[in-house]
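Here the structure comes first, spelled out in structure tokens, and everything after it is commentary.
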Amino acid sequence: MQVLRQEQVIAHSQYQKSKRISIFLSMPDEIETEEIIKDIFQRGKTCFIPRYQFQSSHMDMVKLASPEEISSLPKTSWNIHQPGEDEVREEALSTGGLDLILLPGLGFDKEGNRLGRGRGYYDTYLQRCEHQHAKPYTIALAFKEQICLQVPVDKNDMKVDEVLYEDSSAS
């Protein structure tokens with residue numbers, strides 16, 4: 001399987017100029033994000049990670065203090081580390097928004113349509129971003145095998161600005 005190199009993300013012009021970045025903590029079937037997270041901190045950027053509310057489709061992007069903190073965060077039923085729902089953390093939209101969101105998905109097409117896991121977390125969050133701040137630039141991180149001719153979408157699905165995968169040219 002061809003794999004997106006983390007250097008492609010780090011070299012991307014949108015990543016370079018962004019100061020406030022949201023990134024997912026990768027699951028085994030997603031592009032590995034650990035090195036990108038370390039780079040965000042090494043460059044003095046502010047890192048936000050998703051905090052899902054599993055009883056709804058609500059998600060916040062909350063500030064991560066350090067890459068080392070990840071392993072101490074509680075695990076969800078999806079086996080993802082995330083801060084507890086009762087833990088007070090800086091939320092990106094209440095402190096100035098985001099410049100860039102790096103997001104996962106199951107399938108993508110070249111028009112920027114994204115097939116997620118069906119709960120609408122990112123679609124709902126991106127709609128909130130548009131209402132509260134300027135919409136951040138969005139880059140989906142994908143395996144080449146996840147690029148499809150067309151993915152099914154409906155009126156609630158938000159397009160991503162770019163899908164980055166192995167062999168795609170970084171801008």
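Numbering starts fresh at 1 for the residues of each chain in the structure tokens, the chains themselves are lettered A, B, ... in the order given, and ligands are numbered from 1 as they appear.
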Exercise: Phe24 (chain A) partners within 12 Å, only C-alpha atoms, chain neighbours under 2 positions left out, as an MDAnalysis selection string: chainID A and resid 21:22 26:27 30:34 36:37 47:52 59:64 70 80:82 100:105 122 139:141
Residue set, region 30-106 of chain A restricted to strand (DSSP E or B), as a PyMOL selection string: chain A and resi 46-52+59-63+75+81+91+100-103
Output the selection as a PDB file, in the first residue's frame - N, CA and C atoms for each residue.
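Here's the written file result08.pdb:
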```pdb
ATOM      1  N   THR A  46       0.113  26.082  17.434  1.00  0.00           N
ATOM      2  CA  THR A  46      -0.823  25.597  18.435  1.00  0.00           C
ATOM      3  C   THR A  46      -1.580  24.412  17.854  1.00  0.00           C
ATOM      4  N   CYS A  47      -1.636  23.324  18.625  1.00  0.00           N
ATOM      5  CA  CYS A  47      -2.222  22.071  18.163  1.00  0.00           C
ATOM      6  C   CYS A  47      -3.554  21.809  18.866  1.00  0.00           C
ATOM      7  N   PHE A  48      -4.567  21.495  18.062  1.00  0.00           N
ATOM      8  CA  PHE A  48      -5.880  21.129  18.581  1.00  0.00           C
ATOM      9  C   PHE A  48      -6.238  19.738  18.082  1.00  0.00           C
ATOM     10  N   ILE A  49      -6.922  18.974  18.932  1.00  0.00           N
ATOM     11  CA  ILE A  49      -7.343  17.620  18.565  1.00  0.00           C
ATOM     12  C   ILE A  49      -8.852  17.476  18.794  1.00  0.00           C
ATOM     13  N   PRO A  50      -9.486  16.534  18.089  1.00  0.00           N
ATOM     14  CA  PRO A  50     -10.927  16.358  18.261  1.00  0.00           C
ATOM     15  C   PRO A  50     -11.286  15.794  19.639  1.00  0.00           C
ATOM     16  N   ARG A  51     -12.406  16.284  20.161  1.00  0.00           N
ATOM     17  CA  ARG A  51     -13.033  15.660  21.327  1.00  0.00           C
ATOM     18  C   ARG A  51     -14.480  15.399  20.905  1.00  0.00           C
ATOM     19  N   TYR A  52     -14.780  14.128  20.690  1.00  0.00           N
ATOM     20  CA  TYR A  52     -16.093  13.699  20.223  1.00  0.00           C
ATOM     21  C   TYR A  52     -17.033  13.519  21.405  1.00  0.00           C
ATOM     22  N   MET A  59     -18.669  17.711  18.069  1.00  0.00           N
ATOM     23  CA  MET A  59     -17.229  17.562  18.244  1.00  0.00           C
ATOM     24  C   MET A  59     -16.648  18.946  18.472  1.00  0.00           C
ATOM     25  N   ASP A  60     -15.710  19.044  19.395  1.00  0.00           N
ATOM     26  CA  ASP A  60     -14.937  20.264  19.589  1.00  0.00           C
ATOM     27  C   ASP A  60     -13.495  19.971  19.252  1.00  0.00           C
ATOM     28  N   MET A  61     -12.753  21.018  18.912  1.00  0.00           N
ATOM     29  CA  MET A  61     -11.310  20.891  18.741  1.00  0.00           C
ATOM     30  C   MET A  61     -10.688  21.543  19.971  1.00  0.00           C
ATOM     31  N   VAL A  62     -10.011  20.736  20.775  1.00  0.00           N
ATOM     32  CA  VAL A  62      -9.458  21.220  22.035  1.00  0.00           C
ATOM     33  C   VAL A  62      -7.938  21.205  21.994  1.00  0.00           C
ATOM     34  N   LYS A  63      -7.357  22.113  22.747  1.00  0.00           N
ATOM     35  CA  LYS A  63      -5.906  22.312  22.716  1.00  0.00           C
ATOM     36  C   LYS A  63      -5.172  21.137  23.349  1.00  0.00           C
ATOM     37  N   LYS A  75      -9.051   6.669  26.793  1.00  0.00           N
ATOM     38  CA  LYS A  75      -9.444   6.138  25.480  1.00  0.00           C
ATOM     39  C   LYS A  75     -10.954   6.058  25.375  1.00  0.00           C
ATOM     40  N   HIS A  81      -7.448   8.074  21.881  1.00  0.00           N
ATOM     41  CA  HIS A  81      -7.175   8.935  23.035  1.00  0.00           C
ATOM     42  C   HIS A  81      -7.860  10.277  22.820  1.00  0.00           C
ATOM     43  N   GLU A  91     -10.953  25.624  23.678  1.00  0.00           N
ATOM     44  CA  GLU A  91     -11.634  25.144  22.480  1.00  0.00           C
ATOM     45  C   GLU A  91     -11.336  26.134  21.356  1.00  0.00           C
ATOM     46  N   LEU A 100      -6.039  25.736   9.850  1.00  0.00           N
ATOM     47  CA  LEU A 100      -5.940  24.514   9.056  1.00  0.00           C
ATOM     48  C   LEU A 100      -6.538  23.357   9.843  1.00  0.00           C
ATOM     49  N   ILE A 101      -7.317  22.523   9.155  1.00  0.00           N
ATOM     50  CA  ILE A 101      -7.803  21.273   9.738  1.00  0.00           C
ATOM     51  C   ILE A 101      -7.313  20.131   8.864  1.00  0.00           C
ATOM     52  N   LEU A 102      -6.580  19.208   9.470  1.00  0.00           N
ATOM     53  CA  LEU A 102      -6.145  17.975   8.807  1.00  0.00           C
ATOM     54  C   LEU A 102      -7.133  16.904   9.244  1.00  0.00           C
ATOM     55  N   LEU A 103      -7.807  16.266   8.281  1.00  0.00           N
ATOM     56  CA  LEU A 103      -8.865  15.357   8.675  1.00  0.00           C
ATOM     57  C   LEU A 103      -8.779  14.003   7.987  1.00  0.00           C
TER      58      LEU A 103
END
```
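If only C-alpha atoms are the atoms counted, then among A:Thr95, A:Leu115, A:Arg128, A:Ala142 the closest residue to Asp157 (chain A) is A:Leu115.
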Among chain A, which residues carry a DSSP assignment of alpha helix (DSSP H), reported as a PDB file with C-alpha atoms, in the first residue's frame?
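Ended up saving to result-v3.pdb:
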```
ATOM      1  CA  GLN A   6       4.337  12.996   6.622  1.00  0.00           C
ATOM      2  CA  GLU A   7       6.958  15.229   4.994  1.00  0.00           C
ATOM      3  CA  GLN A   8       4.415  15.973   2.231  1.00  0.00           C
ATOM      4  CA  VAL A   9       2.108  17.466   4.845  1.00  0.00           C
ATOM      5  CA  ILE A  10       4.883  19.364   6.638  1.00  0.00           C
ATOM      6  CA  ALA A  11       6.155  20.840   3.335  1.00  0.00           C
ATOM      7  CA  SER A  13       2.325  25.759   1.938  1.00  0.00           C
ATOM      8  CA  GLN A  14      -0.924  25.856   3.945  1.00  0.00           C
ATOM      9  CA  TYR A  15       0.712  23.915   6.785  1.00  0.00           C
ATOM     10  CA  GLN A  16       3.758  26.165   6.705  1.00  0.00           C
ATOM     11  CA  LYS A  17       1.767  29.381   7.069  1.00  0.00           C
ATOM     12  CA  GLU A  34       2.258  11.261  15.305  1.00  0.00           C
ATOM     13  CA  GLU A  35       5.233  12.883  13.541  1.00  0.00           C
ATOM     14  CA  ILE A  36       3.077  15.715  12.200  1.00  0.00           C
ATOM     15  CA  ILE A  37       1.875  16.423  15.751  1.00  0.00           C
ATOM     16  CA  LYS A  38       5.482  16.534  16.986  1.00  0.00           C
ATOM     17  CA  ASP A  39       6.355  18.927  14.149  1.00  0.00           C
ATOM     18  CA  ILE A  40       3.455  21.257  15.032  1.00  0.00           C
ATOM     19  CA  PHE A  41       4.968  21.664  18.507  1.00  0.00           C
ATOM     20  CA  GLN A  42       8.571  21.926  17.250  1.00  0.00           C
ATOM     21  CA  TYR A 121     -18.697  15.124  13.227  1.00  0.00           C
ATOM     22  CA  TYR A 122     -16.467  16.981  10.767  1.00  0.00           C
ATOM     23  CA  ASP A 123     -19.340  18.225   8.579  1.00  0.00           C
ATOM     24  CA  THR A 124     -21.079  19.734  11.605  1.00  0.00           C
ATOM     25  CA  TYR A 125     -17.829  21.221  12.912  1.00  0.00           C
ATOM     26  CA  LEU A 126     -16.958  22.830   9.567  1.00  0.00           C
ATOM     27  CA  GLN A 127     -20.416  24.406   9.444  1.00  0.00           C
ATOM     28  CA  ARG A 128     -19.802  25.857  12.927  1.00  0.00           C
ATOM     29  CA  CYS A 129     -16.438  27.231  11.739  1.00  0.00           C
ATOM     30  CA  GLU A 130     -18.111  29.047   8.851  1.00  0.00           C
ATOM     31  CA  HIS A 131     -20.658  30.647  11.195  1.00  0.00           C
ATOM     32  CA  GLN A 132     -18.169  31.746  13.859  1.00  0.00           C
TER      33      GLN A 132
END
```
